[in-house]
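Asker: Have a look at the structure that comes next, please.
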Amino acid sequence: MNKFTFLHFIKVVAAVFFVLVGSKDVNAKVTLREMASKQKGAVVWFEEFMPAKDGVGLYTLGVAPKGIKCPTVVKRNPYVPTNKVNVASWIKDLRKYTDRGYAVIYQHCRGTGSSEGEWVPYETEREDGLSLLDHVRKLPWYNGEIFLSGGSYSATVHWSYLNTNPGDIKGAALFVQDVNRYNICYRNGFFKIGLHGEWYVKGYKKKNSNLKRNKSASLYQFPLCDFPRRYWGEEVPTMYNKICNPKPDAPFWSSNELGSGACCRDALLKSTMPVLLKTGFYDIYTDGIFAMWRELPAERRANCALIVDAYDHGGSPPRNPKSRFMVFPNASRRNGGLDDLDWFDSIRNNTLAKNPVLGKTRYYAAWENKWHDEPALEDGPRKISLKLGEGKRTYKYDPKRSLPGFPGSGGICFGGMQVQPPPSFRDDVVSFIFDIEEEIDVRGRMEAELAVSSDCEDTCFYIRLSVDKGDGNWILLRDDITSIAYDSPYKIGERRLLRFRFADHAFRFSKGDRLRVDVSSANSQFAPHPNVAGAVFAVKSPRVANNTVYADDSRIIIYATP
């Protein structure tokens, strides 16, 4: 008996058992938890290889409260071990769902865990996800209600098809993931090595032991566009296409080409079910998730919610006691209230209107140590401008030299409020420091204007803000990056004003704090700029640049409450 036949047999036996114990059609939705409780935790379950549209078998587990028709929570995940699944442990972990009257379907993404095929990140999630929804609709406990749950890539698997707006999807809780693939891969034309580079390398066809993997190949080598062939020895269109399209307005990002992510882009705009979003001020996708919220029309925002904690992708302080990381009271994601089941229950019980964050953004203001509920995190009405200083500072940027490594920058401030190196810790990093003379509650997107020049026709400028709260430790606030010729061609030697707009934030400066601004031309989490104009991803021979910052014409702009 092959595995398809055997596992299908298991499913049939489980379904028959489900029918024999009595499938009660519960019309009063609010009684589901009571019904599940009466079963004393008894469940029915199955495991099988669900055939995808192209016949590839996707390992799928299902568990439901015994004897009732009920809503189903759908989860798909690529981060699963390849060894045999411990079903008993899995059912125990999902007990919080079944005890509250929900069934759960948990599927290993294609080419991961126990599923067949090869994982090319993003590229088959739409079709595989739609196939799974069709599969759920045929299950004996299906009652016409599906809910979606997932975070990070496990949210993207749902974003990939949500613009089809299936009528039986009644709600979704999708955390720490942007719908804009450009934002995931780039910042102002700079490829995010730490995020889409190294992560992609680890995931691409990860179960294929015969695939060449040249560990000496690096994303810091030139030209960047040759990396896929240098590393795997084969064309990888889904990565190559991204590398060759560094501008957000390139037609590629709205096309159907491999890697564009266009199917996700309008997922929140074209769907109508209530969606709960969560992120942290130090997540990789913070800026993109706030952009998603801002572009929602009022009527769509009215049945959604956004919760923003003080931390990063995980939503809580690191467990490592040696980590030099700021910790705040009641600042984690769970302190913001509403997990996925709370959200689903409020949808089913028609209590969304009583939800204190419905239609709003709930965010945690650091050092004020307080949660706020507002329609959106807007720029504060008070504008404060701080000049960097006097004179000019010149430094040499060599893209072949090891790049500055700032703690907590896996993309844009990923990794939390980590302690930074001392000012001007390298000769290619220049620092400016000034005192804060009053209490300031910062709100929204701080800005920077840097007056700069270079002896190259194009080069890079990276800016980073940190604060000393009085103990001598510099704590990361925000960072950004751009090139001198990003918006228009640059003439060697001319002074140009570069504008930066940092990701949203909310925190308090106290009187006596010190604000530090670091300027360099590189960060180890972004692909190095070759100091050559044009298609930088194709440059084979980089140059050394002498770059200058004019402090008297440069400033930081802070938006604050009155």
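Going through the structure tokens in order, the chains are called A, B, and so on, while each chain numbers its residues from 1 and the ligands are numbered from 1 in the order shown.
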Based on DSSP run over this structure's backbone, return all residues of segment 283-459 of chain A in alpha helix (DSSP H), as a list in words.
Answerer: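 Listing alpha helix (DSSP H) positions across segment 283-459 of chain A yields Thr286, Asp287, Gly288, Ile289, Phe290, Ala291, Met292, Trp293, Arg294, Glu295, Ala298, Glu299, Arg300, Arg301, Asp340, Leu341, Asp342, Trp343, Phe344, Asp345, Ser346, Ile347 and Arg348 of chain A.
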Asker: Name all residues at most 7 Å from segment 445-447 of chain A (count only C-alpha atoms; drop same-chain ones fewer than 3 positions away) and give them as number ranges by chain.
Answerer: A: 379, 500-505, 556-559
Asker: Could you write out the selected residues, including C-alpha atoms, as a PDB file, in the first residue's frame?
Answerer:
```pdb
ATOM      1  CA  ASP A 379       3.083  62.332  12.419  1.00  0.00           C
ATOM      2  CA  PHE A 500      15.313  60.183   4.358  1.00  0.00           C
ATOM      3  CA  ARG A 501      11.979  59.235   5.925  1.00  0.00           C
ATOM      4  CA  PHE A 502      12.286  56.697   8.711  1.00  0.00           C
ATOM      5  CA  ALA A 503       9.801  53.966   9.610  1.00  0.00           C
ATOM      6  CA  ASP A 504       7.021  54.917  12.050  1.00  0.00           C
ATOM      7  CA  HIS A 505       7.862  55.049  15.726  1.00  0.00           C
ATOM      8  CA  ILE A 556      17.088  65.712  11.720  1.00  0.00           C
ATOM      9  CA  ILE A 557      13.346  66.420  11.757  1.00  0.00           C
ATOM     10  CA  ILE A 558      11.232  65.065  14.608  1.00  0.00           C
ATOM     11  CA  TYR A 559       7.435  65.032  14.777  1.00  0.00           C
TER      12      TYR A 559
END
```
Asker: Can you list, as a ChimeraX atom specification, every residue of segment 93-237 of chain A that DSSP puts in strand (DSSP E or B)?
Answerer: /A:103-108,142-151,169-175,186-187,190-192
Asker: Given the choices A:Val104, A:Ala217, A:Val56, A:Ala88, which gets closest to Ser131 of chain A if the distance is worked out from only C-alpha atoms?
Answerer: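 Looking only at the distances to Ser131 of chain A, the closest residue turns out to be A:Val56.
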Asker: Just want the 12 Å neighbourhood of Lys242 of chain A, counted on only C-alpha atoms, with same-chain residues fewer than 2 positions away dropped. Output as a ChimeraX atom specification.
Answerer: /A:181-186,189-192,196-197,200,224-225,227-228,236-240,244-248,250-253,255,257-261,537
Asker: With segment 349-355 of chain A as the partner and 12 Å as the cut-off, tabulate the residues of segment 233-296 of chain A that qualify, each row holding the nearest pair of atoms and their distance in Å to one decimal, using only C-alpha atoms, sorted by chain and rising number, as a Markdown table.
Answerer:
```
| residue | atom | partner | partner_atom | distance |
| --- | --- | --- | --- | --- |
| A:Met273 | CA | A:Leu352 | CA | 12.0 |
| A:Pro274 | CA | A:Leu352 | CA | 9.1 |
| A:Val275 | CA | A:Leu352 | CA | 11.2 |
| A:Leu276 | CA | A:Leu352 | CA | 11.2 |
```
Asker: Let's have the selection written as an mmCIF file, in the first residue's frame, with N, CA, C and O atoms.
Answerer:
```cif
data_model
loop_
_atom_site.group_PDB
_atom_site.id
_atom_site.type_symbol
_atom_site.label_atom_id
_atom_site.label_comp_id
_atom_site.auth_asym_id
_atom_site.auth_seq_id
_atom_site.Cartn_x
_atom_site.Cartn_y
_atom_site.Cartn_z
ATOM 1 N N MET A 273 -13.179 40.368 4.572
ATOM 2 C CA MET A 273 -13.314 39.798 5.914
ATOM 3 C C MET A 273 -12.502 40.603 6.923
ATOM 4 O O MET A 273 -11.528 41.266 6.571
ATOM 5 N N PRO A 274 -12.867 40.599 8.208
ATOM 6 C CA PRO A 274 -12.084 41.292 9.223
ATOM 7 C C PRO A 274 -10.685 40.680 9.332
ATOM 8 O O PRO A 274 -10.529 39.461 9.394
ATOM 9 N N VAL A 275 -9.674 41.545 9.350
ATOM 10 C CA VAL A 275 -8.286 41.095 9.428
ATOM 11 C C VAL A 275 -7.597 41.778 10.610
ATOM 12 O O VAL A 275 -7.658 43.005 10.748
ATOM 13 N N LEU A 276 -6.961 40.983 11.435
ATOM 14 C CA LEU A 276 -6.151 41.487 12.539
ATOM 15 C C LEU A 276 -4.689 41.464 12.108
ATOM 16 O O LEU A 276 -4.172 40.410 11.723
#
```
Asker: Which value, in Å to one decimal, gives the distance between atom CA of Tyr397 of chain A and atom CA of Tyr490 of chain A?
Answerer: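 Interatomic distance, atom CA of Tyr397 of chain A to atom CA of Tyr490 of chain A: 17.3 Å.
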Asker: Which residue, A:Arg265, A:Arg393, A:Arg110, A:Lys207, has the smallest gap to Asn180 of chain A when you use only C-alpha atoms?
Answerer: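 Of A:Arg265, A:Arg393, A:Arg110, A:Lys207, the one nearest Asn180 of chain A is A:Arg265, counting only C-alpha atoms.
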Asker: Please provide the set of residues having any atom within 9 Å of Val80 of chain A, restricted to only C-alpha atoms, with same-chain residues fewer than 5 positions apart removed, written as a list in words.
Answerer: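 Using only C-alpha atoms, the neighbours found are His108, Cys109, Thr112, Gly113 and Ser114 of chain A.
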Asker: Check the smallest atom-to-atom distance from each of A:Asn86, A:Ser524, A:Thr124, A:Ser216 to Leu403 of chain A using only C-alpha atoms, then report the winner.
Answerer: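 Closest residue, counting only C-alpha atoms: A:Ser524.
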Asker: Can you tell me which residues surround segment 398-400 of chain A at a distance of at most 7 Å, considering only C-alpha atoms, apart from same-chain residues fewer than 5 positions away, and format the answer as a PyMOL selection string?
Answerer: chain A and resi 528-530+542+544-545
Asker: For Asp513 of chain A, please output as a PDB file with all heavy atoms, in the first residue's frame all residues within 6 Å (counting only C-alpha atoms; exclusion window: fewer than 3 positions along the same chain).
Answerer:
```pdb
ATOM      1  N   ILE A 436      19.293  66.601  24.254  1.00  0.00           N
ATOM      2  CA  ILE A 436      17.857  66.850  24.249  1.00  0.00           C
ATOM      3  C   ILE A 436      17.543  67.722  25.461  1.00  0.00           C
ATOM      4  O   ILE A 436      17.849  67.350  26.599  1.00  0.00           O
ATOM      5  CB  ILE A 436      17.065  65.527  24.297  1.00  0.00           C
ATOM      6  CG1 ILE A 436      17.432  64.641  23.104  1.00  0.00           C
ATOM      7  CG2 ILE A 436      15.565  65.803  24.345  1.00  0.00           C
ATOM      8  CD1 ILE A 436      17.090  65.199  21.748  1.00  0.00           C
ATOM      9  N   ASP A 468      21.068  57.915  23.940  1.00  0.00           N
ATOM     10  CA  ASP A 468      21.651  57.584  25.239  1.00  0.00           C
ATOM     11  C   ASP A 468      20.697  58.131  26.298  1.00  0.00           C
ATOM     12  O   ASP A 468      20.497  59.345  26.399  1.00  0.00           O
ATOM     13  CB  ASP A 468      23.030  58.228  25.369  1.00  0.00           C
ATOM     14  CG  ASP A 468      23.641  58.064  26.767  1.00  0.00           C
ATOM     15  OD1 ASP A 468      23.085  57.296  27.578  1.00  0.00           O
ATOM     16  OD2 ASP A 468      24.666  58.717  27.031  1.00  0.00           O
ATOM     17  N   LYS A 469      20.113  57.227  27.091  1.00  0.00           N
ATOM     18  CA  LYS A 469      19.128  57.616  28.102  1.00  0.00           C
ATOM     19  C   LYS A 469      19.782  57.963  29.443  1.00  0.00           C
ATOM     20  O   LYS A 469      19.099  58.044  30.461  1.00  0.00           O
ATOM     21  CB  LYS A 469      18.111  56.496  28.307  1.00  0.00           C
ATOM     22  CG  LYS A 469      17.315  56.117  27.071  1.00  0.00           C
ATOM     23  CD  LYS A 469      16.396  57.228  26.604  1.00  0.00           C
ATOM     24  CE  LYS A 469      15.241  57.454  27.541  1.00  0.00           C
ATOM     25  NZ  LYS A 469      14.293  58.483  27.029  1.00  0.00           N
ATOM     26  N   SER A 510      13.588  62.120  27.067  1.00  0.00           N
ATOM     27  CA  SER A 510      13.564  62.849  28.325  1.00  0.00           C
ATOM     28  C   SER A 510      14.628  63.937  28.300  1.00  0.00           C
ATOM     29  O   SER A 510      15.637  63.832  27.569  1.00  0.00           O
ATOM     30  CB  SER A 510      13.831  61.904  29.500  1.00  0.00           C
ATOM     31  OG  SER A 510      12.811  60.936  29.606  1.00  0.00           O
TER      32      SER A 510
END
```
Asker: Counting only C-alpha atoms, which of A:Val517, A:Cys304, A:Leu94, A:Val74 gets nearest to Ser154 of chain A?
Answerer: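 Once distances to Ser154 of chain A are computed over only C-alpha atoms, the minimum belongs to A:Val74.
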Asker: From the set A:Thr164, A:Asn473, A:Thr394, A:Thr361, which residue has the shortest atom-to-atom contact distance to Asn547 of chain A, counting only C-alpha atoms?
Answerer: A:Thr394
Asker: Between A:Gln177, A:Ser316, A:Ser402, A:Asn369, which is the closest to Phe290 of chain A once you count only C-alpha atoms?
Answerer: A:Gln177
Asker: Neighbouring residues of Ala485 of chain A were defined as those with any atom within 8 Å, considering only C-alpha atoms; residues of the same chain fewer than 5 positions away were excluded. Please report them as an MDAnalysis selection string.
Answerer: chainID A and resid 457:459 490 533
Asker: So how far away is atom CA of Trp474 of chain A from atom CA of Ala551 of chain A, in Å?
Answerer: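 So the answer is 20.9 Å.
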Asker: Quick check, in Å to one decimal: how far apart do atom CA of Ala298 of chain A and atom CA of Gly359 of chain A lie?
Answerer: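 Atom CA of Gly359 of chain A lies 8.3 Å from atom CA of Ala298 of chain A.
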